[in-house]
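Here is the structure we will look at.
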Amino acid sequence: MTAPQLEIQAIAALVAAACALPGVFLVLRRMALISDAISHALLPGIVLAFFLVEDLTSPLLVVGAASTGLVTVLLVELLKRTELVREDAAIGLVFPVLFSIGVILITRFAGDVHLDVDAVLLGELAFAPFDRFVVAGYDVGPSALWLMSGILALNVTFIVLLYKELKLATFDAALATALGLSPALVHYGLMALVSVTAVGAFDAVGSILVVALMIAPPAAAYLLTDRLPVMLGLATLLGVGSALGGYWLAHWLDASIAGSMAGAAGIAFALAFLLAPERGLVSLARRRLRQRWEFAQGALAIHLMQHEGSPEAAEESRIEHLNRHLRWDPDFAARVVRGAQRRGLVARVDGSLALTDRGRAVARELVVR
Amino acid sequence: MTRGTQVADSHKLRSALAALAAVPAALALAGCGQQVVGEIDPSIGERRIRVVATTGMVSDAVEHVGGDRVDVQGLMGPGVDPHLYKASEGDVIRLAEADVVFYNGLHLEAKLADVFERMGGRVRTAAVTDGIPRSRLIASAAFGAAYDPHVWFDVRLWMGGVREVRDTLAELDPASAGAYRRNARAYLAELAQLDRYVRDRVAEVPPGRRVIITAHDAFNYFGRAYGFEVRGLQGISTVSEAGTRDVRELADFVAARRIPALFVESSVSPRTIEAVREAVRARGFDVSIGGSLFSDALGDPDTPAGEYAGMVRHNVDTIVAGLG
Amino acid sequence: MSETPAIEVSDLTVAYGATPVLWDVDLTVPPGVLMAIVGPNGAGKTTLIKAILGLIRPAAGRVLVQGRPYDVQRRLVAYVPQRRTVDWDFPTSVLDVVTMGRYGALGWIRRPGRRDRRLALEALEQVGMTELAHRQISQLSGGQQQRVFLARALVQDASVYLMDEPFAGVDATTERAIVHLLRRLRETGRTVVVVHHDLQTVEEYFDWATLLNVRRIASGPVDEVFTEQNLRLTYGGRVAFLAEGRSAVVP
Amino acid sequence: MSIVRDLFTDHTLRTVALGAATLGIVAGALGSFAVLRRQSLLGDATSHAALPGIALAFLVSGSKAPLTLVLGAAVAGWIGTLLVMAVVRTTRVKYDSALGIVLSVFFGVGLVLLTIIQKRADAAQAGLDRFLFGQAASLLERDLITMAALGGIALAATVLLWKEFKLLTFDPDFGASLGFAVRRLDVLLTALLVIAIVVGLQTVGVVLMSAMVVAPGAAARQWTDRLGVMVVLAAAFGALAGVSGALVSSEASRMPTGPTIVLAAGVVVIVSLFLAPRRGLVWRWLADYRNRRRLGAGVALVDLYRLAEQHDTLRHAHEEAAIAATAGARVRHGLEELAERGWAERVDGDAWALTPAGRAEAERRLGGTG
């Protein structure tokens, strides 16, 4: 592995962790798409900053971008607070308007300048290792590595310090208010964090990967656990895993790194969606199947128990009879009987069935509970 | 959750997160911290120089000047608009292993150009447009420090770019400097001939009809160098958009000047130009679509337009055929 | 019983996630009864109703309505969902919501006409909401919302009514009005099945009861079923007795 | 009014205005359902999810023929929305997250495909990822026909299945209990929206389309409490924004049409949020103000009465400052309200006194106990 390859993976892992942490709260608060909205809404901030400094390479343009990120979340929040529109509509109203303002400004006043989001934010992970941070003549690593470390540290600090407030404000805003924790303030804080993280990460890895890393790993974690700290940890792990896995996928395909990582995040979510214990589709289907058999075996045991010792016991215990009585088709009945035998619930005594002690206990438990 | 487990949870969370935060710092420090150097690899004289070039035009110039002394890897292949270029994983290695990176500059490659400027420590980089005097560039009307990057449409200007390539290669590999100069001289002569060809062809167009109308402003240098008026609907920025008034004004202009043809670009949707054409027709003048011009990328490699000179010839032939 | 049961549920098993919500439930509801389904939170009461209506797919089991599968008997069944399952800020009027009860009879594409509107107004009159017919639904109180839902079910003119917690969060007047309505339905030969929360009122309001806690604990006439032992089985010993000898759940 | 004349005589303005109006009507009407179903961001998501479809269509056909690319985009967008529905239906992941995952992952896969295409020495790929997306100013006559035809079909389906769509949006469980194939209706309504969005992407571009799905519906919701009125009003707002944006961009040069229409739609939303009767913010503030004033008046009345009691004469005048000391700083509005009702009067300068009517009122309120 060459140094740039290592650096790209390190940067991507940092971005993944930095995005997953606030992403967990976005997913829980149904605000996941705010990250995508910010990516569109950055334009007017960049344009205004450019008008101010007239230099496409000035770092002030990034500051302009970050401040429109803040304006976006602020406007969305204000709209939501009127209770006249829902959060999805609020997001869908704010970003086209901000973006359009940006386009109008460019077209009217700077049509002959190559000014757009690409011109200001690097947004390409493949080049991040070549954008060096040089301090006093010493090359101390890619700028993105330092930037994202800073943002990750900020996110970790914020979440550790305000963990209980965030938790309460997310799950029960009313209670949080009653306890004097000001969920609104916590919320604005979180949104500011999202905005800074998004803009910083857009610069390092591009907007689409940020959207993917903010949503897919937390959503996958949401399918895997019921506990917030575990969800935070899992989301981080899955995000970092998607980033690293995606990198090697890109290496193998010689394709877009950010695209592959987003794809890997999608695969991680798909795996959770299909295979999650308890909530995954596969385990749901298997459980349904198992319950069907267990239920049938239980029904068989109950049926046998009800007729034990009675005069018609011999008749009722014949396998052919089950078909009629329990409305089972012969194949199904045979499989149920085989299963029940395997579990030691029934034994076959010359052509008819008898409950074992275990079978009797199970049947009794099912009936009485 | 009882209070006890909650405390334990947040404690565990805290230490896990703290560990997470320690990773980047360690990573950033490991293997880094070397001094920024600008030295030339001494082995360069004994092997072919690994060159990465951004656009097809730049690749073409490097190939002509470097000859068999260089291995040129183009980042943006045929049809790839530098505004829309997406890097692949392999590009990382290509860049990292390059002895020198040539790029257009003037912000054509957007943020990537900034990266090249700061790559100093690892790889030598050169903007070919540095070979062109700033005074010859077309600056933005409102923002003087921003220049139109589409210099290659003025063949004489582009020759400055070729000289920049020659000088950079010679500096990097002094042993072969003579070969570079010879190659460059031959290529520059070829380009001078190309320039004459363009002028000759352009002369076939009646002066009143020397107007190029395309969707976006890529042909300003061509217009200035060869005496064409250039009208585009959109600006240079990829997000700028045309307005209804702009379409109407352009249609009025075309109808009034009875300009016979409009041109589409290979990388831009032809819809905008079709809209102008519809509007012109509604004004009772039938304007045709004069064909497709190459703007930001070269054509397919096995066609004449796959090389810079061929691309320029294609464009000027198309323009002359449309307007002549 | 010679009559065809209004609802016959056999071997019904339903699971959400890891836990079975209903396990091997057999239930026979004779026609013309006013039945309460009673059980603690999470006992599967709503699930039972939804499974009867075919809104969720059971892991096993079968549901018959008047002797035939639900699919072909759909017209005979009316459903009153829990109030909070819909968006009360939806832009529509009271009359319009009640008219929705006619949609099933109308089938695809046909629009409700004057007759449907008249039927809806009649149903609104039965629940005492005539004056509010043109009110936007977000401006209703909880009790009024519940009455709208009841009116919608009345419009369906079904023979079996399934109601999910119609008494939840309503005022005393509405509660009395609903009980009155339920009795009238029973008197006209309808079968009414109600998910009910308040043990205090079961004996007063209903003549039939089913005690449910994942499994069917007991089902039958209220005076036979509503015994201390059954309640204990249902609520797992969390049943205390009030001074009057009536039972109530202690949280 | 040359501008109005231009609307009928100028080819470009007429085409753009008609096209924007058609799009506004269709997107406004279908978008109303999307807003109510919390699918407001479907426009943005579909435009991203379309990328792999565009790339695959190009890889398979080797051409940038718009029809091929549109088909690819529509199929990819459509598969994306089906996945969103599947995830929301079977798991606890919410709609916004599912949409965000599909949006970013599909787009990511699209990027991977684009970089693979980039590697092929094929100049035909030029501009592939932007090629499909149109601009409002470049609407063509044939677009009008496509939009009118597809929009007509979508609107006809909405009219035909009106009560089914209403039921689906308001109470799907109840709909299912009535025997309507709710899931199929869901797929159909979403499909209509996706088709409208893809047609819009191709003709007017991503951002305008995203806005047109949300803004007219969100604005219309403020003015009415009837779904029918809301849908018609949203269509009208969509058309209004489209035509006025086209007109404005036709007045000044370098005024891009699409963004102008977005801003026009934004203005419609803002006006609606503030001014719509009953729901609007201004109305709410007025109602709040009136309530506060009424409450303030009550407090001032009682205070005046108590002060008067201390002085044994009910007609005793009190400085406003004294009343404010007990009743709080907002007392002025309360006192003015009292004066308007004839319960108090101003006695030289800043002093106030109860009138006999005011005294009676105060005693009535205090239950005659004093």
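Residue numbers start at 1 in each chain; chains themselves are named A, B, ... in the order of the structure tokens; ligands are numbered from 1 in the order shown.
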Neighbours of region 237-242 of chain D within 12 Å (only C-alpha atoms; same-chain residues fewer than 6 positions away dropped), as a ChimeraX atom specification? /D:13-32,136-137,204,208-209,211-221,223,229-231,248-249,257-269,271-272
Using only C-alpha atoms, what does the table of chain D residues within 8 Å of chain A look like, with each row giving the shortest atom pair and its distance in Å to one decimal, sorted by chain and ascending number, as CSV?
```
residue,atom,partner,partner_atom,distance
D:Val35,CA,A:Ala89,CA,6.4
D:Arg38,CA,A:Asp88,CA,6.2
D:Gln39,CA,A:Asp88,CA,7.2
D:Ser40,CA,A:Ala89,CA,5.2
D:Leu41,CA,A:Gly92,CA,5.7
D:Val87,CA,A:Phe273,CA,7.7
D:Thr90,CA,A:Leu281,CA,7.7
D:Thr91,CA,A:Arg279,CA,7.0
D:Arg92,CA,A:Leu223,CA,7.4
D:Val93,CA,A:Ala219,CA,6.4
D:Lys94,CA,A:Arg30,CA,6.9
D:Tyr95,CA,A:Arg30,CA,7.9
D:Asp96,CA,A:Ala32,CA,5.8
D:Ser97,CA,A:Ala32,CA,5.4
D:Leu99,CA,A:Leu33,CA,7.9
D:Gly100,CA,A:Leu33,CA,5.8
D:Ile101,CA,A:Ala216,CA,5.4
D:Val102,CA,A:Gly266,CA,7.8
D:Ser104,CA,A:Ala212,CA,5.0
D:Val105,CA,A:Gly263,CA,5.1
D:Phe106,CA,A:Gly263,CA,7.4
D:Phe107,CA,A:Ile208,CA,7.2
D:Gly108,CA,A:Gly259,CA,3.7
D:Val109,CA,A:Gly259,CA,5.7
D:Gly110,CA,A:Gly259,CA,7.3
D:Leu111,CA,A:Gly259,CA,5.2
D:Val112,CA,A:Ser256,CA,5.0
D:Leu113,CA,A:Ala255,CA,7.6
D:Thr115,CA,A:Ala255,CA,5.2
D:Ile116,CA,A:Ala255,CA,5.9
D:Val207,CA,A:Pro96,CA,5.5
D:Leu208,CA,A:Pro96,CA,7.0
D:Ser210,CA,A:Gly92,CA,7.0
D:Ala211,CA,A:Pro96,CA,5.8
D:Val214,CA,A:Ala89,CA,6.2
D:Ala215,CA,A:Leu93,CA,6.1
D:Ala218,CA,A:Val85,CA,6.6
D:Gln222,CA,A:Leu84,CA,7.3
D:Arg254,CA,A:Arg108,CA,5.2
D:Met255,CA,A:Ile104,CA,6.4
D:Pro256,CA,A:Ile104,CA,6.2
D:Gly258,CA,A:Ser100,CA,7.9
D:Pro259,CA,A:Ser100,CA,4.4
D:Thr260,CA,A:Ser100,CA,7.3
D:Val262,CA,A:Val97,CA,6.1
D:Leu263,CA,A:Val97,CA,5.9
D:Gly266,CA,A:Val97,CA,6.6
D:Leu273,CA,A:Leu84,CA,7.2
D:Arg279,CA,A:Leu84,CA,7.5
D:Leu281,CA,A:Thr82,CA,7.6
```
- Counting only C-alpha atoms, collect the residues of chain D whose closest atom lies at most 6 Å from chain C, and write them out as a PyMOL selection string. chain D and resi 160-161+171+177-178+225-227
Distance filter 9 Å, only C-alpha atoms, chain C against chain A, as an mmCIF file with all heavy atoms, in the first residue's frame:
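Done, and the output landed in part02.cif:
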```cif
data_model
loop_
_atom_site.group_PDB
_atom_site.id
_atom_site.type_symbol
_atom_site.label_atom_id
_atom_site.label_comp_id
_atom_site.auth_asym_id
_atom_site.auth_seq_id
_atom_site.Cartn_x
_atom_site.Cartn_y
_atom_site.Cartn_z
ATOM 1 N N ASP C 11 -56.725 -21.177 15.271
ATOM 2 C CA ASP C 11 -55.266 -21.403 15.267
ATOM 3 C C ASP C 11 -54.460 -20.186 14.869
ATOM 4 O O ASP C 11 -53.424 -20.280 14.236
ATOM 5 C CB ASP C 11 -54.876 -22.537 14.292
ATOM 6 C CG ASP C 11 -55.717 -23.778 14.478
ATOM 7 O OD1 ASP C 11 -56.313 -23.896 15.566
ATOM 8 O OD2 ASP C 11 -55.781 -24.588 13.553
ATOM 9 N N THR C 13 -51.886 -17.403 14.737
ATOM 10 C CA THR C 13 -50.589 -17.065 15.337
ATOM 11 C C THR C 13 -49.985 -15.913 14.548
ATOM 12 O O THR C 13 -49.907 -15.966 13.323
ATOM 13 C CB THR C 13 -49.636 -18.262 15.304
ATOM 14 O OG1 THR C 13 -50.221 -19.302 16.084
ATOM 15 C CG2 THR C 13 -48.271 -17.900 15.877
ATOM 16 N N VAL C 14 -49.579 -14.872 15.263
ATOM 17 C CA VAL C 14 -48.997 -13.704 14.613
ATOM 18 C C VAL C 14 -47.748 -13.313 15.391
ATOM 19 O O VAL C 14 -47.744 -13.370 16.618
ATOM 20 C CB VAL C 14 -49.969 -12.507 14.605
ATOM 21 C CG1 VAL C 14 -49.317 -11.290 13.961
ATOM 22 C CG2 VAL C 14 -51.249 -12.850 13.875
ATOM 23 N N ALA C 15 -46.702 -12.950 14.668
ATOM 24 C CA ALA C 15 -45.491 -12.492 15.357
ATOM 25 C C ALA C 15 -44.991 -11.189 14.744
ATOM 26 O O ALA C 15 -44.970 -11.041 13.528
ATOM 27 C CB ALA C 15 -44.414 -13.570 15.256
ATOM 28 N N TYR C 16 -44.628 -10.240 15.587
ATOM 29 C CA TYR C 16 -43.875 -9.069 15.148
ATOM 30 C C TYR C 16 -42.480 -9.274 15.709
ATOM 31 O O TYR C 16 -42.335 -9.424 16.913
ATOM 32 C CB TYR C 16 -44.401 -7.776 15.763
ATOM 33 C CG TYR C 16 -45.758 -7.327 15.304
ATOM 34 C CD1 TYR C 16 -46.616 -6.681 16.190
ATOM 35 C CD2 TYR C 16 -46.177 -7.501 13.993
ATOM 36 C CE1 TYR C 16 -47.855 -6.233 15.792
ATOM 37 C CE2 TYR C 16 -47.422 -7.055 13.595
ATOM 38 C CZ TYR C 16 -48.253 -6.423 14.497
ATOM 39 O OH TYR C 16 -49.465 -5.977 14.099
ATOM 40 N N GLY C 17 -41.490 -9.260 14.860
ATOM 41 C CA GLY C 17 -40.141 -9.437 15.381
ATOM 42 C C GLY C 17 -40.016 -10.777 16.080
ATOM 43 O O GLY C 17 -40.588 -11.776 15.653
ATOM 44 N N ALA C 18 -39.291 -10.819 17.187
ATOM 45 C CA ALA C 18 -38.972 -12.081 17.829
ATOM 46 C C ALA C 18 -40.147 -12.633 18.626
ATOM 47 O O ALA C 18 -40.263 -13.834 18.819
ATOM 48 C CB ALA C 18 -37.765 -11.903 18.744
ATOM 49 N N PRO C 20 -43.948 -13.622 19.628
ATOM 50 C CA PRO C 20 -45.278 -13.839 19.101
ATOM 51 C C PRO C 20 -46.261 -12.898 19.795
ATOM 52 O O PRO C 20 -46.206 -12.709 21.009
ATOM 53 C CB PRO C 20 -45.569 -15.303 19.441
ATOM 54 C CG PRO C 20 -44.622 -15.657 20.510
ATOM 55 C CD PRO C 20 -43.455 -14.749 20.419
ATOM 56 N N TRP C 23 -50.768 -16.182 19.879
ATOM 57 C CA TRP C 23 -50.298 -17.561 19.790
ATOM 58 C C TRP C 23 -51.490 -18.491 19.824
ATOM 59 O O TRP C 23 -52.204 -18.561 20.823
ATOM 60 C CB TRP C 23 -49.322 -17.847 20.935
ATOM 61 C CG TRP C 23 -48.758 -19.236 20.882
ATOM 62 C CD1 TRP C 23 -49.190 -20.315 21.576
ATOM 63 C CD2 TRP C 23 -47.682 -19.680 20.061
ATOM 64 N NE1 TRP C 23 -48.464 -21.414 21.244
ATOM 65 C CE2 TRP C 23 -47.514 -21.063 20.322
ATOM 66 C CE3 TRP C 23 -46.849 -19.064 19.134
ATOM 67 C CZ2 TRP C 23 -46.539 -21.826 19.697
ATOM 68 C CZ3 TRP C 23 -45.879 -19.825 18.510
ATOM 69 C CH2 TRP C 23 -45.726 -21.187 18.791
ATOM 70 N N ASP C 24 -51.731 -19.136 18.691
ATOM 71 C CA ASP C 24 -52.716 -20.198 18.629
ATOM 72 C C ASP C 24 -54.059 -19.772 19.201
ATOM 73 O O ASP C 24 -54.587 -20.394 20.111
ATOM 74 C CB ASP C 24 -52.166 -21.422 19.395
ATOM 75 C CG ASP C 24 -53.031 -22.639 19.146
ATOM 76 O OD1 ASP C 24 -53.776 -22.640 18.141
ATOM 77 O OD2 ASP C 24 -52.973 -23.561 19.962
ATOM 78 N N PRO C 58 -50.934 -13.390 9.144
ATOM 79 C CA PRO C 58 -50.589 -14.246 10.285
ATOM 80 C C PRO C 58 -49.597 -15.325 9.874
ATOM 81 O O PRO C 58 -49.490 -15.655 8.694
ATOM 82 C CB PRO C 58 -51.937 -14.862 10.673
ATOM 83 C CG PRO C 58 -52.754 -14.833 9.438
ATOM 84 C CD PRO C 58 -52.265 -13.677 8.608
ATOM 85 N N ALA C 59 -48.862 -15.849 10.884
ATOM 86 C CA ALA C 59 -47.934 -16.949 10.609
ATOM 87 C C ALA C 59 -48.716 -18.242 10.377
ATOM 88 O O ALA C 59 -48.295 -19.113 9.632
ATOM 89 C CB ALA C 59 -46.975 -17.124 11.778
ATOM 90 N N ALA C 60 -49.835 -18.349 11.047
ATOM 91 C CA ALA C 60 -50.682 -19.515 10.865
ATOM 92 C C ALA C 60 -52.098 -19.125 11.245
ATOM 93 O O ALA C 60 -52.309 -18.115 11.905
ATOM 94 C CB ALA C 60 -50.199 -20.671 11.750
ATOM 95 N N ARG C 215 -52.326 -15.360 24.230
ATOM 96 C CA ARG C 215 -53.249 -16.436 23.944
ATOM 97 C C ARG C 215 -54.624 -16.093 24.442
ATOM 98 O O ARG C 215 -54.806 -15.215 25.264
ATOM 99 C CB ARG C 215 -52.746 -17.722 24.556
ATOM 100 C CG ARG C 215 -51.837 -18.354 23.523
ATOM 101 C CD ARG C 215 -51.162 -19.542 23.976
ATOM 102 N NE ARG C 215 -50.408 -19.342 25.173
ATOM 103 C CZ ARG C 215 -50.220 -20.337 26.022
ATOM 104 N NH1 ARG C 215 -50.788 -21.487 25.816
ATOM 105 N NH2 ARG C 215 -49.463 -20.139 27.056
ATOM 106 N N ILE C 217 -57.396 -16.404 26.764
ATOM 107 C CA ILE C 217 -57.530 -16.944 28.112
ATOM 108 C C ILE C 217 -58.933 -17.496 28.295
ATOM 109 O O ILE C 217 -59.124 -18.609 28.781
ATOM 110 C CB ILE C 217 -57.252 -15.858 29.170
ATOM 111 C CG1 ILE C 217 -55.916 -15.172 28.895
ATOM 112 C CG2 ILE C 217 -57.315 -16.450 30.561
ATOM 113 C CD1 ILE C 217 -54.709 -16.070 28.960
ATOM 114 N N LEU C 233 -55.252 -14.752 35.382
ATOM 115 C CA LEU C 233 -54.512 -15.400 34.303
ATOM 116 C C LEU C 233 -54.140 -14.385 33.218
ATOM 117 O O LEU C 233 -53.043 -14.387 32.677
ATOM 118 C CB LEU C 233 -55.359 -16.500 33.663
ATOM 119 C CG LEU C 233 -55.327 -17.856 34.353
ATOM 120 C CD1 LEU C 233 -56.400 -18.764 33.760
ATOM 121 C CD2 LEU C 233 -53.950 -18.482 34.193
#
```
### Message
Using only C-alpha atoms and a distance of at most 7 Å, pull out the residues of chain A that contact chain B, as a PyMOL selection string.
### Response
chain A and resi 14+54+103+106-107+111-116+118-122+126-127+130-132+137-141+145+149+152-153+156+160+229+250-251+254-257
### Query
Among region 126-337 of chain D, which ones does DSSP place in helix (DSSP H, G or I), written as a PyMOL selection string?
chain D and resi 128-131+136-138+141-160+162-170+172-177+182-204+206-223+227-251+257-275+281-310+320-327+331-337
For Glu63 (chain B): contacts at 12 Å, only C-alpha atoms, fewer than 6 positions along chain excluded, given as a VMD selection string: chain B and resid 49 to 53 56 to 57 69 to 74 102 162 165 to 166 169 180 183 to 184 187 307 to 308
Those residues you just picked out, can you put them in a file as a short mmCIF file (atom, residue, chain, number, x, y, z; two decimals), in the first residue's frame with N, CA, C and O atoms?
```cif
data_model
loop_
_atom_site.label_atom_id
_atom_site.label_comp_id
_atom_site.auth_asym_id
_atom_site.auth_seq_id
_atom_site.Cartn_x
_atom_site.Cartn_y
_atom_site.Cartn_z
N ILE B 49 10.22 9.36 -18.45
CA ILE B 49 9.60 10.21 -17.43
C ILE B 49 8.10 9.88 -17.36
O ILE B 49 7.42 9.78 -18.38
N ARG B 50 7.65 9.68 -16.11
CA ARG B 50 6.22 9.42 -15.94
C ARG B 50 5.48 10.74 -15.84
O ARG B 50 5.69 11.51 -14.89
N VAL B 51 4.62 11.00 -16.80
CA VAL B 51 3.90 12.27 -16.84
C VAL B 51 2.41 12.01 -16.69
O VAL B 51 1.88 11.08 -17.31
N VAL B 52 1.78 12.81 -15.87
CA VAL B 52 0.32 12.80 -15.83
C VAL B 52 -0.14 14.13 -16.39
O VAL B 52 0.39 15.18 -16.03
N ALA B 53 -1.09 14.09 -17.32
CA ALA B 53 -1.64 15.32 -17.88
C ALA B 53 -3.14 15.30 -17.66
O ALA B 53 -3.75 14.23 -17.63
N GLY B 56 -7.10 16.34 -22.57
CA GLY B 56 -6.55 15.76 -23.78
C GLY B 56 -5.61 16.72 -24.49
O GLY B 56 -4.59 16.31 -25.06
N MET B 57 -5.93 18.02 -24.45
CA MET B 57 -5.09 19.01 -25.12
C MET B 57 -3.70 19.05 -24.49
O MET B 57 -2.69 19.10 -25.19
N ARG B 69 10.62 9.93 -24.81
CA ARG B 69 11.21 10.08 -23.49
C ARG B 69 10.15 10.06 -22.38
O ARG B 69 10.49 10.00 -21.21
N VAL B 70 8.91 10.18 -22.75
CA VAL B 70 7.87 10.28 -21.70
C VAL B 70 6.80 9.21 -21.86
O VAL B 70 6.53 8.73 -22.96
N ASP B 71 6.24 8.83 -20.72
CA ASP B 71 5.01 8.02 -20.67
C ASP B 71 3.90 8.92 -20.19
O ASP B 71 3.90 9.33 -19.03
N VAL B 72 2.96 9.25 -21.05
CA VAL B 72 1.92 10.19 -20.65
C VAL B 72 0.64 9.44 -20.26
O VAL B 72 0.16 8.59 -21.01
N GLN B 73 0.17 9.74 -19.08
CA GLN B 73 -1.13 9.22 -18.64
C GLN B 73 -2.11 10.38 -18.59
O GLN B 73 -1.89 11.33 -17.85
N GLY B 74 -3.15 10.32 -19.40
CA GLY B 74 -4.15 11.40 -19.36
C GLY B 74 -5.21 11.08 -18.32
O GLY B 74 -5.70 9.97 -18.24
N PHE B 102 1.25 17.82 -15.59
CA PHE B 102 0.93 19.01 -16.38
C PHE B 102 -0.57 19.24 -16.34
O PHE B 102 -1.36 18.31 -16.53
N VAL B 162 2.84 25.05 -25.15
CA VAL B 162 3.78 24.02 -25.61
C VAL B 162 5.19 24.37 -25.16
O VAL B 162 5.96 23.51 -24.71
N VAL B 165 5.68 23.45 -21.63
CA VAL B 165 5.90 22.01 -21.50
C VAL B 165 7.38 21.71 -21.80
O VAL B 165 8.05 20.98 -21.05
N ARG B 166 7.88 22.31 -22.91
CA ARG B 166 9.27 22.08 -23.30
C ARG B 166 10.21 22.48 -22.16
O ARG B 166 11.08 21.70 -21.74
N LEU B 169 10.02 20.13 -19.07
CA LEU B 169 10.65 18.83 -19.29
C LEU B 169 12.17 18.97 -19.32
O LEU B 169 12.90 18.15 -18.76
N TYR B 180 14.01 17.54 -26.41
CA TYR B 180 12.76 18.26 -26.17
C TYR B 180 12.69 19.50 -27.05
O TYR B 180 11.66 19.82 -27.61
N ASN B 183 11.95 18.43 -30.60
CA ASN B 183 10.54 18.03 -30.75
C ASN B 183 9.63 19.25 -30.73
O ASN B 183 8.72 19.37 -31.54
N ALA B 184 9.91 20.15 -29.77
CA ALA B 184 9.05 21.31 -29.61
C ALA B 184 9.12 22.18 -30.86
O ALA B 184 8.11 22.68 -31.33
N TYR B 187 7.04 20.66 -33.47
CA TYR B 187 5.61 20.73 -33.17
C TYR B 187 5.11 22.17 -33.28
O TYR B 187 4.02 22.42 -33.81
N GLU B 307 -6.61 14.25 -31.75
CA GLU B 307 -5.41 15.05 -31.47
C GLU B 307 -5.78 16.51 -31.49
O GLU B 307 -6.75 16.93 -32.14
N TYR B 308 -4.95 17.31 -30.81
CA TYR B 308 -5.25 18.73 -30.70
C TYR B 308 -5.43 19.37 -32.08
O TYR B 308 -6.44 20.02 -32.37
#
```
Contacts from chain B to chain D, 10 Å maximum, only C-alpha atoms: show me the residue list as number ranges by chain.
B: 75-89, 233-235, 238, 240-249, 251, 265-283, 294, 296-302, 305-306
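Picture a line from CA of Leu21 (chain A) to CA of Val194 (chain A); it runs 9.5 Å.
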Taking the DSSP assignment computed from this structure's backbone, write out as a compact mmCIF listing (two decimals) with N, CA and C atoms, in the first residue's frame all residues of region 71-130 of chain B that belong to strand (DSSP E).
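Output file selection26.txt is given in full below:
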```
# COMPACT_ATOMS: atom_id res chain seq x y z
N ASP B 71 6.24 8.83 -20.72
CA ASP B 71 5.01 8.02 -20.67
C ASP B 71 3.90 8.92 -20.19
N VAL B 72 2.96 9.25 -21.05
CA VAL B 72 1.92 10.19 -20.65
C VAL B 72 0.64 9.44 -20.26
N GLN B 73 0.17 9.74 -19.08
CA GLN B 73 -1.13 9.22 -18.64
C GLN B 73 -2.11 10.38 -18.59
N GLY B 74 -3.15 10.32 -19.40
CA GLY B 74 -4.15 11.40 -19.36
C GLY B 74 -5.21 11.08 -18.32
N VAL B 100 6.07 14.26 -13.05
CA VAL B 100 5.59 15.62 -13.26
C VAL B 100 4.12 15.56 -13.69
N VAL B 101 3.36 16.54 -13.22
CA VAL B 101 1.95 16.64 -13.59
C VAL B 101 1.77 17.93 -14.40
N PHE B 102 1.25 17.82 -15.59
CA PHE B 102 0.93 19.01 -16.38
C PHE B 102 -0.57 19.24 -16.34
N TYR B 103 -0.94 20.49 -16.11
CA TYR B 103 -2.37 20.79 -16.13
C TYR B 103 -2.59 22.12 -16.82
N ARG B 124 6.41 17.21 -8.95
CA ARG B 124 6.54 18.48 -9.66
C ARG B 124 5.28 18.72 -10.49
N THR B 125 4.78 19.92 -10.49
CA THR B 125 3.59 20.21 -11.28
C THR B 125 3.83 21.45 -12.12
N ALA B 126 3.14 21.54 -13.25
CA ALA B 126 3.29 22.70 -14.10
C ALA B 126 1.98 23.01 -14.80
N ALA B 127 1.58 24.27 -14.73
CA ALA B 127 0.39 24.71 -15.45
C ALA B 127 0.84 25.20 -16.82
```
message = I'd like the neighbourhood of Ala169 (chain A) as a ChimeraX atom specification, where a residue qualifies if any of its atoms comes within 10 Å (using only C-alpha atoms), though same-chain residues fewer than 4 positions away should be ignored.
response = /A:29,163-165,173-177,181-187
Taking 4 positions as the minimum chain separation for residues in the same chain, which residues sit within 10 Å of Gly113 (chain C) when counting only C-alpha atoms? Answer as a list in words.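 In the requested form, the answer reads Thr99, Arg102, Leu106, Arg117 and Arg118 of chain C.
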